[in-house]
Amino acid sequence: MKYFLHISFGIIIFLFVHFTVKAAPFEGRDIVISGASPEAVQTAKKIYAKGGNVVDAAVAMTLSMGVTNPYFSALGGGGFALVKMDGKIKALDFREVGPKAINENSFKEAGEKSSITGGLAVGVPGIPKGLWELHKTYGKLSWQELFDDAIDLSKNGFQLSGNYVERLNRNWDRFNKAGKNLFGDDLKKIKPGQNFKQLKLAKALSFLRHKGVKEFYEGRIAKDLIASVKKAGGKITTEDLKNYEVKWREPLEAEYKGFKIHMMPPPSSGGVIIKTALYLMEKWELDNYQAYSTQEIHLLGEILSRSYRSRALLADPEYFENPLGKILDQKYLDRLVSSISSYKTLKLDPLDEKDYIPQESTETTHLSILDKNGNAVSMTVTLNGSFGSGIFTEKYGINLNNEMDDFTTRPGEPNMFGLVQGSMNQAEAGKRPLSSMTPTIVENKDKSTRLVLGSPGGPRIISSILQVMYRNLVSGYDIDEAIQAPRFHHQFLPHKLYYEKNKVFPELIKDLKKKGHDLEESWAGRVYGATKEGEVLKAAFDSRLPGAANGY
């Protein structure tokens with residue numbers, strides 16, 4: 001792949017950089033699928049071939065991912081989905097919520113790690129009701145048919161990957177006894193390539209298949225969940241589970257270069273940040289600069305910094321009136337445009353000295369599905385941390401989220417950056433924590449589907465989605481090239497421009513430092529995407545971690 005490196009003193013040097021791309025993109029005519037689990041991608045393909053639609057495929061795929069990738073996603077988690085069916089796009093919020101007994105002081109009293117590991121870290125799960133709502137609204141096949149692969153993978157097993165075993169090693173000490181027992185209680189015996197069965201989980205999936213999601217929120221699974229959380233010091237009650245509701249929301253829209261971009265609204269911060277960034281990119285005519293030139297990356301960093309600045313003012317819209325009118329007001333955006341210098345990096349003051357971006361876990365996963373008719377699902381699901389809270393339910397082996405850590409859990413105390421967090425995102429009963437998850441669907445002028453994408457990666461989700469979208473729609477990269485290309489990240493605070501190790505030219509780093517940037521080696525969120533150009537569908541996954549793209 002060719003990049004153009006613009007050296008600051010005016011000479012353009014042409015460099016050819018070859019990336020080792022292990023990911024294999026897939027081209028199809030009927031449907032394409034991209035995701036982190038090869039087994040789950042196959043599930044989606046089979047469901048569509050059986051006569052299902054893209055939503056059937058997404059629901060079944062999510063169930064299978066909960067079996068094969070439980071460090072990213074499981075029945076005990078939550079998420080967001082953007083769905084395009086018959087030309088209409090809708091957003092579903094099935095994010096976890098705070099239990100009734102939780103308040104802003106719960107974690108301060110319980111200790112520093114209480115929002116990360118143990119029962120207090122667990123929010124009321126949303127995935128089962130989210131999947132049911134998607135099926136009820138759009139499903140073509142029966143609910144029961146969507147469970148076939150997930151139950152088969154649980155009963156008969158699948159081969160553990162090296163990535164899976166590595167994550168087990170990192171999180172083993174956080175697991176409760178029920179979790180360790182699922183793996184034979186001896187970490188040393190667990191090796192990549194061995195077949196792993198989950199018979200307890202197979203029972204839970206069978207209950208959901210035949211009895212419906214009521215079994216999770218009011219039946220046998222609910223009793224197991226409540227007892228397991230209580231034993232681990234948590235506070236989820238029968239009432240919490242029974243009262244959980246999903247929320248349909250209006251997607252947030254932005255227009256850029258003739259494309260219409262549909263994203264999640266709050267409690268996702270992604271749509272607001274990307275819409276802000278696109279306005280600044282348009283005004284600064286970013287497309288006039290060569291890809292990966294010093295000036296392009298300098299401006300990108302400044303644009304990201306200013307766009308993330310408003311995240312501090314966002315929270316669950318049921319609990320807080322998000323000032324979207326002010327954040328997205330043209331006069332305010334124009335002030336952000338004028339605050340950028342083409343010559344050097346400039347710092348802005350925070351919007352509120354107490355409101356900063358809290359640390360957010362990167363252990364999330366995403367699926368992108370697109371068919372020949374332009375129907376699409378972009379869905380991001382999560383447990384928050386790797387294997388969530390480390391709590392597995394005693395009877396059915398369901399691992400549970402630690403989503404409470406996405407709240408401001410210790411108000412008035414510094415976060416990992418030494419910064420004091422604000423109050424709008426404090427934990428409350430029934431409240432959804434602010435998220436960076438940003439499932440995205442892009443349409444052409446004629447409203448045909450052009451691009452479906454999403455990413456895990458905490459705050460880096462947003463910068464990753466923005467850059468992959470820009471490289472594909474504007475820079476002319478195909479979807480695979482756009483996903484594999486180097487990415488940068490800036491989230492306003494700390495005031496650093498992050499770049500990927502071994503993926504960026506030393507000369508570019510040197511020139512960015514001359515413009516005053518404080519640079520730091522880091523990583524990027526993984527992106528899973530699909531495109532439709534003419535009659536050709538194409539899906540690609542990120543080579544930064546294992547994944548798969550398939551279809552037919």
# chains A, B, ... in the order shown; residues from 1 in each chain; ligands from 1
>>> residues_around(residues="Tyr552 in chain A", least_positions_apart="5", cutoff="7 Å", atoms="only C-alpha atoms", output="compact mmCIF listing (two decimals) with N, CA and C atoms, in the first residue's frame")
# COMPACT_ATOMS: atom_id res chain seq x y z
N GLY A 28 -18.86 -11.22 -1.51
CA GLY A 28 -20.04 -12.05 -1.74
C GLY A 28 -21.08 -11.32 -2.57
N ARG A 29 -22.15 -12.03 -2.88
CA ARG A 29 -23.25 -11.46 -3.67
C ARG A 29 -24.55 -11.35 -2.86
N ASP A 30 -24.73 -12.25 -1.89
CA ASP A 30 -25.99 -12.28 -1.14
C ASP A 30 -25.86 -11.68 0.26
N ILE A 31 -24.80 -12.06 0.98
CA ILE A 31 -24.61 -11.56 2.34
C ILE A 31 -23.13 -11.63 2.69
N VAL A 32 -22.67 -10.66 3.50
CA VAL A 32 -21.32 -10.71 4.07
C VAL A 32 -21.41 -10.41 5.56
>>> select_by_dssp(residues="range 347-513 of chain A", states="strand (DSSP E)", output="PyMOL selection string")
chain A and resi 363-371+376-384+440-443+449-454+488-489+497-500
>>> closest_atom_pairs(of="range 10-103 of chain A", to="range 386-410 of chain A", cutoff="7 Å", atoms="only C-alpha atoms", output="JSON lines")
{"residue": "A:Pro70", "atom": "CA", "partner": "A:Phe387", "partner_atom": "CA", "distance": 6.2}
{"residue": "A:Tyr71", "atom": "CA", "partner": "A:Phe387", "partner_atom": "CA", "distance": 4.0}
{"residue": "A:Phe72", "atom": "CA", "partner": "A:Ser386", "partner_atom": "CA", "distance": 6.1}
{"residue": "A:Ala74", "atom": "CA", "partner": "A:Asn399", "partner_atom": "CA", "distance": 6.6}
{"residue": "A:Leu75", "atom": "CA", "partner": "A:Ile398", "partner_atom": "CA", "distance": 6.7}
{"residue": "A:Gly76", "atom": "CA", "partner": "A:Leu400", "partner_atom": "CA", "distance": 4.4}
{"residue": "A:Gly77", "atom": "CA", "partner": "A:Asn401", "partner_atom": "CA", "distance": 5.2}
{"residue": "A:Glu96", "atom": "CA", "partner": "A:Glu403", "partner_atom": "CA", "distance": 6.8}
{"residue": "A:Gly98", "atom": "CA", "partner": "A:Met404", "partner_atom": "CA", "distance": 6.9}
>>> write_last_selection(atoms="N, CA and C atoms", output="PDB file, in the first residue's frame")
ATOM      1  N   PRO A  70     -16.492 -15.591  25.463  1.00  0.00           N
ATOM      2  CA  PRO A  70     -17.136 -15.060  26.670  1.00  0.00           C
ATOM      3  C   PRO A  70     -16.311 -14.012  27.405  1.00  0.00           C
ATOM      4  N   TYR A  71     -15.107 -13.766  26.954  1.00  0.00           N
ATOM      5  CA  TYR A  71     -14.322 -12.670  27.524  1.00  0.00           C
ATOM      6  C   TYR A  71     -14.790 -11.338  26.955  1.00  0.00           C
ATOM      7  N   PHE A  72     -15.459 -11.362  25.790  1.00  0.00           N
ATOM      8  CA  PHE A  72     -15.996 -10.155  25.161  1.00  0.00           C
ATOM      9  C   PHE A  72     -17.487  -9.979  25.417  1.00  0.00           C
ATOM     10  N   ALA A  74     -21.457 -12.099  26.502  1.00  0.00           N
ATOM     11  CA  ALA A  74     -22.179 -13.248  27.053  1.00  0.00           C
ATOM     12  C   ALA A  74     -23.595 -12.804  27.375  1.00  0.00           C
ATOM     13  N   LEU A  75     -24.428 -13.749  27.790  1.00  0.00           N
ATOM     14  CA  LEU A  75     -25.804 -13.420  28.169  1.00  0.00           C
ATOM     15  C   LEU A  75     -25.839 -12.396  29.298  1.00  0.00           C
ATOM     16  N   GLY A  76     -24.773 -12.337  30.085  1.00  0.00           N
ATOM     17  CA  GLY A  76     -24.722 -11.422  31.220  1.00  0.00           C
ATOM     18  C   GLY A  76     -24.220 -10.037  30.884  1.00  0.00           C
ATOM     19  N   GLY A  77     -24.261  -9.641  29.602  1.00  0.00           N
ATOM     20  CA  GLY A  77     -23.771  -8.327  29.192  1.00  0.00           C
ATOM     21  C   GLY A  77     -24.854  -7.427  28.627  1.00  0.00           C
ATOM     22  N   GLU A  96     -26.662  -2.335  29.972  1.00  0.00           N
ATOM     23  CA  GLU A  96     -26.935  -2.706  31.355  1.00  0.00           C
ATOM     24  C   GLU A  96     -27.317  -1.469  32.175  1.00  0.00           C
ATOM     25  N   GLY A  98     -27.940   0.213  36.376  1.00  0.00           N
ATOM     26  CA  GLY A  98     -27.586   0.080  37.783  1.00  0.00           C
ATOM     27  C   GLY A  98     -28.707  -0.548  38.592  1.00  0.00           C
TER      28      GLY A  98
END
>>> select_by_dssp(residues="range 42-92 of chain A", states="alpha helix (DSSP H)", output="list of chain:residue names")
A:Gln42, A:Thr43, A:Ala44, A:Lys45, A:Lys46, A:Ile47, A:Tyr48, A:Ala49, A:Val54, A:Val55, A:Asp56, A:Ala57, A:Ala58, A:Val59, A:Ala60, A:Met61, A:Thr62, A:Leu63, A:Ser64, A:Met65, A:Gly66, A:Val67, A:Thr68
>>> write_last_selection(atoms="C-alpha atoms", output="PDB file, in the first residue's frame")
ATOM      1  CA  GLN A  42     -20.400 -19.325  10.373  1.00  0.00           C
ATOM      2  CA  THR A  43     -23.550 -19.340  12.522  1.00  0.00           C
ATOM      3  CA  ALA A  44     -24.750 -16.118  10.882  1.00  0.00           C
ATOM      4  CA  LYS A  45     -24.004 -17.487   7.417  1.00  0.00           C
ATOM      5  CA  LYS A  46     -25.991 -20.686   8.091  1.00  0.00           C
ATOM      6  CA  ILE A  47     -28.984 -18.805   9.492  1.00  0.00           C
ATOM      7  CA  TYR A  48     -29.210 -16.559   6.428  1.00  0.00           C
ATOM      8  CA  ALA A  49     -28.832 -19.535   4.073  1.00  0.00           C
ATOM      9  CA  VAL A  54     -29.819 -10.114   8.653  1.00  0.00           C
ATOM     10  CA  VAL A  55     -31.417  -9.704  12.092  1.00  0.00           C
ATOM     11  CA  ASP A  56     -31.913 -13.455  12.495  1.00  0.00           C
ATOM     12  CA  ALA A  57     -28.255 -13.860  11.549  1.00  0.00           C
ATOM     13  CA  ALA A  58     -27.156 -11.203  14.064  1.00  0.00           C
ATOM     14  CA  VAL A  59     -29.174 -12.675  16.946  1.00  0.00           C
ATOM     15  CA  ALA A  60     -27.880 -16.208  16.332  1.00  0.00           C
ATOM     16  CA  MET A  61     -24.337 -14.911  15.873  1.00  0.00           C
ATOM     17  CA  THR A  62     -24.456 -13.059  19.200  1.00  0.00           C
ATOM     18  CA  LEU A  63     -25.642 -16.206  20.978  1.00  0.00           C
ATOM     19  CA  SER A  64     -22.734 -18.170  19.499  1.00  0.00           C
ATOM     20  CA  MET A  65     -20.230 -15.416  20.383  1.00  0.00           C
ATOM     21  CA  GLY A  66     -21.362 -15.722  23.995  1.00  0.00           C
ATOM     22  CA  VAL A  67     -20.188 -19.339  23.886  1.00  0.00           C
ATOM     23  CA  THR A  68     -16.914 -18.948  21.974  1.00  0.00           C
TER      24      THR A  68
END
>>> residues_around(residues="range 479-488 of chain A", least_positions_apart="5", cutoff="8 Å", atoms="only C-alpha atoms", output="PyMOL selection string")
chain A and resi 19+21+25+297+301+463-464+467-469+471-472+497-500+503-504+524+527-531+538-544
>>> closest_residue(among="A:Tyr256, A:Tyr319, A:Phe183, A:Tyr477", to="Tyr279 in chain A", atoms="only C-alpha atoms")
A:Tyr256
>>> residues_around(residues="range 238-248 of chain A", least_positions_apart="5", cutoff="6 Å", atoms="only C-alpha atoms", output="list in words")
Ala91, Leu92, Asp93, Phe94, Pro99 and Tyr217 of chain A
>>> write_last_selection(atoms="N, CA and C atoms", output="PDB file, in the first residue's frame")
ATOM      1  N   ALA A  91     -32.359   2.427  16.130  1.00  0.00           N
ATOM      2  CA  ALA A  91     -31.306   2.153  17.108  1.00  0.00           C
ATOM      3  C   ALA A  91     -31.910   1.515  18.351  1.00  0.00           C
ATOM      4  N   LEU A  92     -31.337   0.400  18.784  1.00  0.00           N
ATOM      5  CA  LEU A  92     -31.804  -0.288  19.988  1.00  0.00           C
ATOM      6  C   LEU A  92     -30.726  -0.219  21.067  1.00  0.00           C
ATOM      7  N   ASP A  93     -31.139   0.234  22.240  1.00  0.00           N
ATOM      8  CA  ASP A  93     -30.266   0.340  23.407  1.00  0.00           C
ATOM      9  C   ASP A  93     -30.644  -0.772  24.385  1.00  0.00           C
ATOM     10  N   PHE A  94     -29.750  -1.757  24.543  1.00  0.00           N
ATOM     11  CA  PHE A  94     -29.964  -2.797  25.555  1.00  0.00           C
ATOM     12  C   PHE A  94     -28.763  -2.833  26.501  1.00  0.00           C
ATOM     13  N   PRO A  99     -28.393  -1.481  39.503  1.00  0.00           N
ATOM     14  CA  PRO A  99     -29.414  -2.061  40.384  1.00  0.00           C
ATOM     15  C   PRO A  99     -30.040  -1.001  41.291  1.00  0.00           C
ATOM     16  N   TYR A 217     -35.083 -13.387  33.165  1.00  0.00           N
ATOM     17  CA  TYR A 217     -35.409 -12.248  34.022  1.00  0.00           C
ATOM     18  C   TYR A 217     -36.356 -12.574  35.178  1.00  0.00           C
TER      19      TYR A 217
END
>>> closest_residue(among="A:Ile340, A:Leu160, A:Val83, A:Leu324", to="Glu39 in chain A", atoms="only C-alpha atoms")
A:Leu160
>>> atom_distance(atom1="CA of Ser310 in chain A", atom2="CA of Gln290 in chain A")
28.4 Å
>>> closest_residue(among="A:Arg174, A:Arg209, A:Arg526, A:Arg309", to="Leu545 in chain A", atoms="only C-alpha atoms")
A:Arg526
>>> residues_around(residues="range 149-156 of chain A", least_positions_apart="2", cutoff="6 Å", atoms="only C-alpha atoms", output="MDAnalysis selection string")
chainID A and resid 63:64 147 197:199 202
>>> atom_distance(atom1="CA of Gly430 in chain A", atom2="CA of Ala101 in chain A")
9.6 Å
>>> atom_distance(atom1="CA of Tyr289 in chain A", atom2="CA of Gly271 in chain A")
24.8 Å
>>> residues_around(residues="Glu104 in chain A", least_positions_apart="5", cutoff="7 Å", atoms="only C-alpha atoms", output="ChimeraX atom specification")
/A:409,426-428
>>> residues_around(residues="Lys514 in chain A", least_positions_apart="4", cutoff="10 Å", atoms="only C-alpha atoms", output="ChimeraX atom specification")
/A:8,343-345,508-510,518
>>> decode(residues="range 106-124 of chain A", atoms="N, CA and C atoms", output="CSV table (one decimal), in the first residue's frame")
chain,number,residue,atom,x,y,z
A,106,SER,N,-21.8,3.9,46.7
A,106,SER,CA,-21.7,2.4,46.9
A,106,SER,C,-20.2,2.0,46.7
A,107,PHE,N,-19.6,2.4,45.7
A,107,PHE,CA,-18.2,1.9,45.4
A,107,PHE,C,-17.1,2.6,46.2
A,108,LYS,N,-17.4,3.8,46.7
A,108,LYS,CA,-16.5,4.5,47.5
A,108,LYS,C,-16.3,3.8,48.9
A,109,GLU,N,-17.5,3.3,49.3
A,109,GLU,CA,-17.5,2.6,50.6
A,109,GLU,C,-17.0,1.2,50.5
A,110,ALA,N,-17.1,0.6,49.3
A,110,ALA,CA,-16.8,-0.9,49.2
A,110,ALA,C,-15.3,-1.1,48.8
A,111,GLY,N,-14.6,0.0,48.3
A,111,GLY,CA,-13.2,-0.2,48.0
A,111,GLY,C,-12.9,0.0,46.5
A,112,GLU,N,-11.6,0.2,46.2
A,112,GLU,CA,-11.2,0.7,44.9
A,112,GLU,C,-11.6,-0.3,43.8
A,113,LYS,N,-11.5,-1.6,44.0
A,113,LYS,CA,-11.7,-2.6,42.9
A,113,LYS,C,-13.1,-3.1,42.8
A,114,SER,N,-14.0,-2.6,43.7
A,114,SER,CA,-15.3,-3.1,43.8
A,114,SER,C,-16.2,-2.9,42.5
A,115,SER,N,-15.8,-2.0,41.7
A,115,SER,CA,-16.6,-1.7,40.5
A,115,SER,C,-16.0,-2.6,39.3
A,116,ILE,N,-14.9,-3.3,39.6
A,116,ILE,CA,-14.3,-4.1,38.5
A,116,ILE,C,-14.5,-5.6,38.7
A,117,THR,N,-14.3,-6.0,39.9
A,117,THR,CA,-14.4,-7.5,40.2
A,117,THR,C,-15.3,-7.7,41.4
A,118,GLY,N,-16.2,-8.8,41.2
A,118,GLY,CA,-17.1,-9.1,42.3
A,118,GLY,C,-18.5,-8.7,42.0
A,119,GLY,N,-19.4,-9.1,42.9
A,119,GLY,CA,-20.8,-8.9,42.7
A,119,GLY,C,-21.3,-7.5,42.5
A,120,LEU,N,-20.6,-6.5,43.2
A,120,LEU,CA,-21.1,-5.1,43.2
A,120,LEU,C,-20.8,-4.5,41.8
A,121,ALA,N,-19.9,-5.1,41.1
A,121,ALA,CA,-19.6,-4.6,39.7
A,121,ALA,C,-20.6,-4.9,38.7
A,122,VAL,N,-21.6,-5.8,39.0
A,122,VAL,CA,-22.5,-6.3,38.0
A,122,VAL,C,-23.7,-5.4,37.8
A,123,GLY,N,-23.9,-5.0,36.6
A,123,GLY,CA,-25.1,-4.2,36.2
A,123,GLY,C,-26.2,-5.2,35.8
A,124,VAL,N,-27.5,-4.8,35.8
A,124,VAL,CA,-28.6,-5.6,35.3
A,124,VAL,C,-28.4,-5.9,33.8
